[in-house]
Amino acid sequence: MKVTVVGAGNVGATCANCIAEKDIVNEVVLLDIKEGVAEGKSLDMWQTAPINLYDTRIKGVTNDYEATNNSEVVVITSGLPRKPGMSRDDLIATNAGIVKSVTENIIKHSPNAKIIIVSNPLDVMCYCAYLTAKIDSSRVFGMAGILDTARYRAFLAEALNVSPKDIQALLLGGHGDTMVPLPRYTTVSGIPVTDLIDHDTLNAIIERTKVGGGELVKLMGTSAWYAPGAAAAQMVEAIVCNHRRIFPVCALLNGEYGMNNIYLGVPVVLGKNGIEKIIEVKLDKDEQELLAQSAKAVRSVMDVLDNMKLF
Ligand SMILES: NC(=O)C1=CN([C@@H]2O[C@H](COP(=O)(O)OP(=O)(O)OC[C@H]3O[C@@H](n4cnc5c(N)ncnc54)[C@H](O)[C@@H]3O)[C@@H](O)[C@H]2O)C=CC1
Ligand SMILES: O=C([O-])CC(=O)C(=O)O
């Protein structure tokens with residue numbers, strides 16, 4: 001089984017490395033437009049195989065889509081990351097064209113692939129790939145919720161001084177500062193988090209989570225890659241192993257949560273066919289309002305895509 005990762009930058013290379021280390025597929029193809037970069041990084045990764053003990057072959061290529069033929073899953077990370085002072089939405093002018101052309105090539109060479117988008121602005125880049133690929137939306141979706149909940153869970157683990165493994169959480173909405181963490185659906189080994197932490201501390205963690213990407217951009221001058229790469233690799237694993245894991249994933253809504261024709265983060269069952277099912281959780285009035293605000297923010301970026309007249 002073959003998986004392709006497009007973009008051999010920070011996120012793409014990390015993702016390819018995480019997939020290889022899981023030892024769940026025969027081959028990972030890493031593709032970039034920069035001559036030699038994917039080849040070099042792949043060779044370096046492959047030389048960790050005798051140390052980290054895996055068999056997955058990693059092949060780096062420069063814009064050679066033949067090498068990606070018949071991939072089961074393709075992760076698209078190509079595109080600019082933001083710099084301090086930018087919002088993710090500022091990336092649309094460059095990244096929409098990149099995501100469109102990459103998706104065209106991918107679908108030509110792997111017509112049955114499941115496509116995971118990582119490039120920002122995430123929700124609208126998913127929509128852009130969906131319009132390009134012209135395949136069922138169960139096969140075009142985006143990575144953000146696993147990352148955003150991982151940040152939330154990591155902050156909670158620190159505050160509670162417990163293992164991050166025991167924190168379960170759910171988050172809805174767009175991958176922007178309007179994302180909607182759901183304390184009502186956050187538990188620590190089954191115990192409601194609200195029983196374990198005071199209101200102000202929990203609120204501060206929620207606010208920090210919402211701008212978690214920006215915190216890292218400020219620190220590093222570019223955006224994060226370890227957790228994003230690991231999160232995308234976890235989605236690949238759920239698909240290729242048909243685990244049917246329930247993850248927050250950026251999915252096309254058609255009626256779910258009362259919304260239509262918009263990509264937003266929602267819990268889904270992820271398995272061999274991609275999105276096997278979208279799960280609708282019950283929301284109270286406040287949560288519904290927050291989700292509506294998040295959708296409004298995503299729609300305004302969809303309007304920008306529309307005005308670019310790429311479709
Ligand atoms: N969804 C999420 O939660 C996250 C999304 N991101 C997004 O992921 C994207 C990648 O971030 P980084 O890896 O940090 O950036 P990076 O700059 O390190 O890597 C991007 C790579 O894409 C390549 N590329 C550009 N155009 C291409 C094309 N047409 N075909 C193939 N490769 C091409 C570049 O040569 C570069 O190597 C950004 O848009 C960033 O905002 C980053 C972190 C989390
Ligand atoms: O913040 C960014 O630009 C990259 C990203 O989406 C994240 O790390 O959440």
# chains A, B, ... in the order shown; residues from 1 in each chain; ligands from 1

$ residues_around --residues "Leu216 in chain A" --least-positions-apart "6" --cutoff "12 Å" --atoms "only C-alpha atoms" --output "PyMOL selection string"
chain A and resi 81-85+151+208-209+222-228

$ write_last_selection --atoms "C-alpha atoms" --output "PDB file, in the first residue's frame"
ATOM      1  CA  PRO A  81       3.005  28.870   6.044  1.00  0.00           C
ATOM      2  CA  ARG A  82       2.195  32.135   7.793  1.00  0.00           C
ATOM      3  CA  LYS A  83       4.707  34.509   9.354  1.00  0.00           C
ATOM      4  CA  PRO A  84       4.202  36.545  12.550  1.00  0.00           C
ATOM      5  CA  GLY A  85       1.468  39.142  12.092  1.00  0.00           C
ATOM      6  CA  ARG A 151      -3.188  21.379  22.057  1.00  0.00           C
ATOM      7  CA  ARG A 208      -5.018  29.701  24.595  1.00  0.00           C
ATOM      8  CA  THR A 209      -6.109  26.741  22.433  1.00  0.00           C
ATOM      9  CA  THR A 222       6.882  30.164  11.013  1.00  0.00           C
ATOM     10  CA  SER A 223       4.097  27.778  11.931  1.00  0.00           C
ATOM     11  CA  ALA A 224       4.183  24.486  13.833  1.00  0.00           C
ATOM     12  CA  TRP A 225       5.071  21.101  12.329  1.00  0.00           C
ATOM     13  CA  TYR A 226       5.652  18.347  14.906  1.00  0.00           C
ATOM     14  CA  ALA A 227       2.061  18.138  16.161  1.00  0.00           C
ATOM     15  CA  PRO A 228       0.511  18.932  12.735  1.00  0.00           C
TER      16      PRO A 228
END

$ residues_around --residues "range 197-206 of chain A" --least-positions-apart "2" --cutoff "8 Å" --atoms "only C-alpha atoms" --output "list in words"
Tyr152, Phe155, Leu156, Leu160, Pro181, Val193, Thr194, Asp195, Arg208, Thr209 and Lys210 of chain A

$ residues_around --residues "range 182-187 of chain A" --least-positions-apart "3" --cutoff "6 Å" --atoms "only C-alpha atoms" --output "list of chain:residue names"
A:Ile167, A:Gln168, A:Ala169, A:Leu170, A:Leu171, A:Gly190, A:Ile191, A:Pro192, A:Val193

$ closest_residue --among "A:Ala129, A:Val29, A:Val180, A:Leu305" --to "Val211 in chain A" --atoms "only C-alpha atoms"
A:Val180

$ closest_residue --among "A:Val301, A:Gly173, A:Lys272, A:Ile239" --to "Met259 in chain A" --atoms "only C-alpha atoms"
A:Gly173

$ atom_distance --atom1 "CA of Glu215 in chain A" --atom2 "atom 34 (C, counted along the ligand's line) of ligand 1"
22.7 Å

$ residues_around --residues "Ile278 in chain A" --least-positions-apart "4" --cutoff "7 Å" --atoms "only C-alpha atoms" --output "CSV table (one decimal) with C-alpha atoms, in the first residue's frame"
chain,number,residue,atom,x,y,z
A,267,PRO,CA,-16.5,14.5,14.7
A,268,VAL,CA,-16.4,11.8,12.1
A,269,VAL,CA,-15.8,8.1,11.9

$ residues_around --residues "Tyr263 in chain A" --least-positions-apart "2" --cutoff "7 Å" --atoms "only C-alpha atoms" --output "short mmCIF file (atom, residue, chain, number, x, y, z; two decimals) with C-alpha atoms, in the first residue's frame"
data_model
loop_
_atom_site.label_atom_id
_atom_site.label_comp_id
_atom_site.auth_asym_id
_atom_site.auth_seq_id
_atom_site.Cartn_x
_atom_site.Cartn_y
_atom_site.Cartn_z
CA ASP A 123 -11.42 24.84 5.73
CA VAL A 124 -11.42 26.74 2.45
CA CYS A 126 -10.57 21.62 1.64
CA TYR A 127 -13.38 23.20 -0.35
CA CYS A 250 -12.77 19.15 8.58
CA ALA A 251 -15.66 17.71 6.55
CA LEU A 252 -18.17 18.99 4.00
CA LEU A 253 -21.52 19.53 5.72
CA ASN A 261 -22.03 23.37 1.40
#

$ residues_around --residues "Arg88 in chain A" --least-positions-apart "3" --cutoff "7 Å" --atoms "only C-alpha atoms" --output "PyMOL selection string"
chain A and resi 82+91+120-121

$ write_last_selection --atoms "N, CA and C atoms" --output "PDB file, in the first residue's frame"
ATOM      1  N   ARG A  82       2.248  30.703   7.468  1.00  0.00           N
ATOM      2  CA  ARG A  82       2.195  32.135   7.793  1.00  0.00           C
ATOM      3  C   ARG A  82       3.415  32.561   8.609  1.00  0.00           C
ATOM      4  N   LEU A  91      -3.152  33.581   3.599  1.00  0.00           N
ATOM      5  CA  LEU A  91      -2.402  32.680   2.716  1.00  0.00           C
ATOM      6  C   LEU A  91      -3.192  32.280   1.474  1.00  0.00           C
ATOM      7  N   ASN A 120      -3.193  25.740   4.613  1.00  0.00           N
ATOM      8  CA  ASN A 120      -4.095  26.778   5.123  1.00  0.00           C
ATOM      9  C   ASN A 120      -4.447  27.813   4.063  1.00  0.00           C
ATOM     10  N   PRO A 121      -5.563  28.504   4.230  1.00  0.00           N
ATOM     11  CA  PRO A 121      -6.567  28.411   5.293  1.00  0.00           C
ATOM     12  C   PRO A 121      -7.375  27.110   5.145  1.00  0.00           C
TER      13      PRO A 121
END

$ residues_near_ligand --ligand "ligand 1" --cutoff "6 Å" --atoms "only C-alpha atoms and all ligand atoms" --output "PyMOL selection string"
chain A and resi 6-12+32-34+77-82+98+102+118-120+122+143-144+223-225+228

$ atom_distance --atom1 "CA of Ala238 in chain A" --atom2 "CA of Leu270 in chain A"
6.1 Å

$ select_by_dssp --residues "range 193-304 of chain A" --states "strand (DSSP E or B)" --output "PyMOL selection string"
chain A and resi 245-254+260-271+274-278

$ write_last_selection --atoms "C-alpha atoms" --output "PDB file, in the first residue's frame"
ATOM      1  CA  ARG A 245     -11.485   6.088  14.936  1.00  0.00           C
ATOM      2  CA  ILE A 246     -13.679   9.023  15.915  1.00  0.00           C
ATOM      3  CA  PHE A 247     -11.768  12.245  15.307  1.00  0.00           C
ATOM      4  CA  PRO A 248     -12.685  15.873  14.740  1.00  0.00           C
ATOM      5  CA  VAL A 249     -12.086  16.306  11.001  1.00  0.00           C
ATOM      6  CA  CYS A 250     -12.772  19.146   8.583  1.00  0.00           C
ATOM      7  CA  ALA A 251     -15.658  17.714   6.546  1.00  0.00           C
ATOM      8  CA  LEU A 252     -18.167  18.991   4.000  1.00  0.00           C
ATOM      9  CA  LEU A 253     -21.517  19.531   5.722  1.00  0.00           C
ATOM     10  CA  ASN A 254     -24.678  18.937   3.770  1.00  0.00           C
ATOM     11  CA  ASN A 260     -24.929  23.315   3.840  1.00  0.00           C
ATOM     12  CA  ASN A 261     -22.033  23.373   1.398  1.00  0.00           C
ATOM     13  CA  ILE A 262     -19.372  24.352   3.905  1.00  0.00           C
ATOM     14  CA  TYR A 263     -16.286  22.597   5.256  1.00  0.00           C
ATOM     15  CA  LEU A 264     -16.106  22.726   9.066  1.00  0.00           C
ATOM     16  CA  GLY A 265     -14.555  20.659  11.837  1.00  0.00           C
ATOM     17  CA  VAL A 266     -16.956  18.002  13.160  1.00  0.00           C
ATOM     18  CA  PRO A 267     -16.537  14.542  14.705  1.00  0.00           C
ATOM     19  CA  VAL A 268     -16.437  11.777  12.115  1.00  0.00           C
ATOM     20  CA  VAL A 269     -15.764   8.061  11.925  1.00  0.00           C
ATOM     21  CA  LEU A 270     -12.575   7.638   9.899  1.00  0.00           C
ATOM     22  CA  GLY A 271     -12.047   4.310   8.137  1.00  0.00           C
ATOM     23  CA  GLY A 274     -12.403   8.004   4.358  1.00  0.00           C
ATOM     24  CA  ILE A 275     -15.257   9.676   6.232  1.00  0.00           C
ATOM     25  CA  GLU A 276     -17.533   6.751   7.041  1.00  0.00           C
ATOM     26  CA  LYS A 277     -19.990   8.877   9.002  1.00  0.00           C
ATOM     27  CA  ILE A 278     -20.401  12.414  10.328  1.00  0.00           C
TER      28      ILE A 278
END

$ closest_residue --among "A:Ile279, A:Ile146, A:Ala233, A:Ala38" --to "Gly255 in chain A" --atoms "only C-alpha atoms"
A:Ile279

$ closest_residue --among "A:Ala67, A:Ile92, A:Cys18, A:Ile76" --to "Thr48 in chain A" --atoms "only C-alpha atoms"
A:Cys18

$ select_by_dssp --residues "range 61-307 of chain A" --states "alpha helix (DSSP H)" --output "PyMOL selection string"
chain A and resi 92-109+122-133+145-160+199-210+212-220+226-240+285-307

$ residues_around --residues "Thr4 in chain A" --least-positions-apart "4" --cutoff "10 Å" --atoms "only C-alpha atoms" --output "MDAnalysis selection string"
chainID A and resid 12 16 27:31 58:60 65 67:76 106 110 113 115

$ write_last_selection --atoms "N, CA and C atoms" --output "mmCIF file, in the first residue's frame"
data_model
loop_
_atom_site.group_PDB
_atom_site.id
_atom_site.type_symbol
_atom_site.label_atom_id
_atom_site.label_comp_id
_atom_site.auth_asym_id
_atom_site.auth_seq_id
_atom_site.Cartn_x
_atom_site.Cartn_y
_atom_site.Cartn_z
ATOM 1 N N GLY A 12 5.075 18.432 5.933
ATOM 2 C CA GLY A 12 5.053 17.255 5.051
ATOM 3 C C GLY A 12 6.120 16.242 5.431
ATOM 4 N N ALA A 16 5.488 12.482 6.814
ATOM 5 C CA ALA A 16 6.023 11.289 6.140
ATOM 6 C C ALA A 16 6.828 10.446 7.123
ATOM 7 N N GLU A 27 4.987 1.858 1.268
ATOM 8 C CA GLU A 27 5.739 2.952 0.664
ATOM 9 C C GLU A 27 5.120 4.313 0.972
ATOM 10 N N VAL A 28 5.978 5.257 1.296
ATOM 11 C CA VAL A 28 5.558 6.656 1.399
ATOM 12 C C VAL A 28 6.304 7.429 0.317
ATOM 13 N N VAL A 29 5.557 8.133 -0.541
ATOM 14 C CA VAL A 29 6.179 8.990 -1.553
ATOM 15 C C VAL A 29 6.074 10.428 -1.066
ATOM 16 N N LEU A 30 7.188 11.118 -1.060
ATOM 17 C CA LEU A 30 7.223 12.515 -0.632
ATOM 18 C C LEU A 30 7.545 13.355 -1.868
ATOM 19 N N LEU A 31 6.677 14.300 -2.189
ATOM 20 C CA LEU A 31 6.841 15.070 -3.438
ATOM 21 C C LEU A 31 6.922 16.565 -3.133
ATOM 22 N N ILE A 58 10.700 4.947 1.845
ATOM 23 C CA ILE A 58 10.349 6.364 1.638
ATOM 24 C C ILE A 58 11.047 6.835 0.373
ATOM 25 N N LYS A 59 10.235 7.347 -0.558
ATOM 26 C CA LYS A 59 10.796 7.751 -1.843
ATOM 27 C C LYS A 59 10.530 9.242 -2.061
ATOM 28 N N GLY A 60 11.566 10.011 -2.260
ATOM 29 C CA GLY A 60 11.409 11.443 -2.506
ATOM 30 C C GLY A 60 11.469 11.744 -3.985
ATOM 31 N N TYR A 65 4.713 13.051 -10.607
ATOM 32 C CA TYR A 65 3.449 12.481 -10.144
ATOM 33 C C TYR A 65 3.271 11.018 -10.536
ATOM 34 N N ALA A 67 5.256 8.784 -9.873
ATOM 35 C CA ALA A 67 5.691 8.024 -8.687
ATOM 36 C C ALA A 67 4.581 7.908 -7.648
ATOM 37 N N THR A 68 3.571 8.769 -7.755
ATOM 38 C CA THR A 68 2.481 8.743 -6.758
ATOM 39 C C THR A 68 1.326 7.840 -7.207
ATOM 40 N N ASN A 69 1.448 7.252 -8.403
ATOM 41 C CA ASN A 69 0.356 6.459 -8.995
ATOM 42 C C ASN A 69 -0.310 5.516 -7.992
ATOM 43 N N ASN A 70 -1.635 5.536 -7.994
ATOM 44 C CA ASN A 70 -2.439 4.607 -7.181
ATOM 45 C C ASN A 70 -2.149 4.669 -5.685
ATOM 46 N N SER A 71 -1.961 5.880 -5.187
ATOM 47 C CA SER A 71 -1.826 6.022 -3.730
ATOM 48 C C SER A 71 -3.188 5.794 -3.085
ATOM 49 N N GLU A 72 -3.167 5.182 -1.928
ATOM 50 C CA GLU A 72 -4.396 4.924 -1.167
ATOM 51 C C GLU A 72 -4.852 6.224 -0.475
ATOM 52 N N VAL A 73 -3.877 6.944 0.059
ATOM 53 C CA VAL A 73 -4.155 8.213 0.745
ATOM 54 C C VAL A 73 -3.115 9.226 0.284
ATOM 55 N N VAL A 74 -3.549 10.474 0.098
ATOM 56 C CA VAL A 74 -2.621 11.553 -0.236
ATOM 57 C C VAL A 74 -2.819 12.687 0.767
ATOM 58 N N VAL A 75 -1.723 13.135 1.350
ATOM 59 C CA VAL A 75 -1.764 14.258 2.293
ATOM 60 C C VAL A 75 -1.187 15.472 1.572
ATOM 61 N N ILE A 76 -1.955 16.551 1.507
ATOM 62 C CA ILE A 76 -1.469 17.758 0.804
ATOM 63 C C ILE A 76 -1.057 18.823 1.820
ATOM 64 N N ILE A 106 -2.904 14.975 -8.510
ATOM 65 C CA ILE A 106 -3.126 13.813 -7.629
ATOM 66 C C ILE A 106 -4.281 12.958 -8.143
ATOM 67 N N SER A 110 -4.094 9.149 -8.979
ATOM 68 C CA SER A 110 -4.665 8.277 -7.930
ATOM 69 C C SER A 110 -6.157 8.560 -7.819
ATOM 70 N N ALA A 113 -7.957 7.809 -4.498
ATOM 71 C CA ALA A 113 -7.321 8.184 -3.224
ATOM 72 C C ALA A 113 -8.282 8.896 -2.281
ATOM 73 N N ILE A 115 -8.105 12.038 0.116
ATOM 74 C CA ILE A 115 -7.223 13.212 0.128
ATOM 75 C C ILE A 115 -7.381 13.968 1.448
#

$ atom_distance --atom1 "CA of Glu39 in chain A" --atom2 "CA of Asn17 in chain A"
13.2 Å

$ closest_residue --among "A:Asp166, A:Asp89, A:Glu256, A:Asp306" --to "ligand 2" --atoms "only C-alpha atoms and all ligand atoms"
A:Asp89

$ closest_residue --among "A:Ile19, A:Val304, A:Leu219, A:Phe311" --to "Asp90 in chain A" --atoms "only C-alpha atoms"
A:Val304
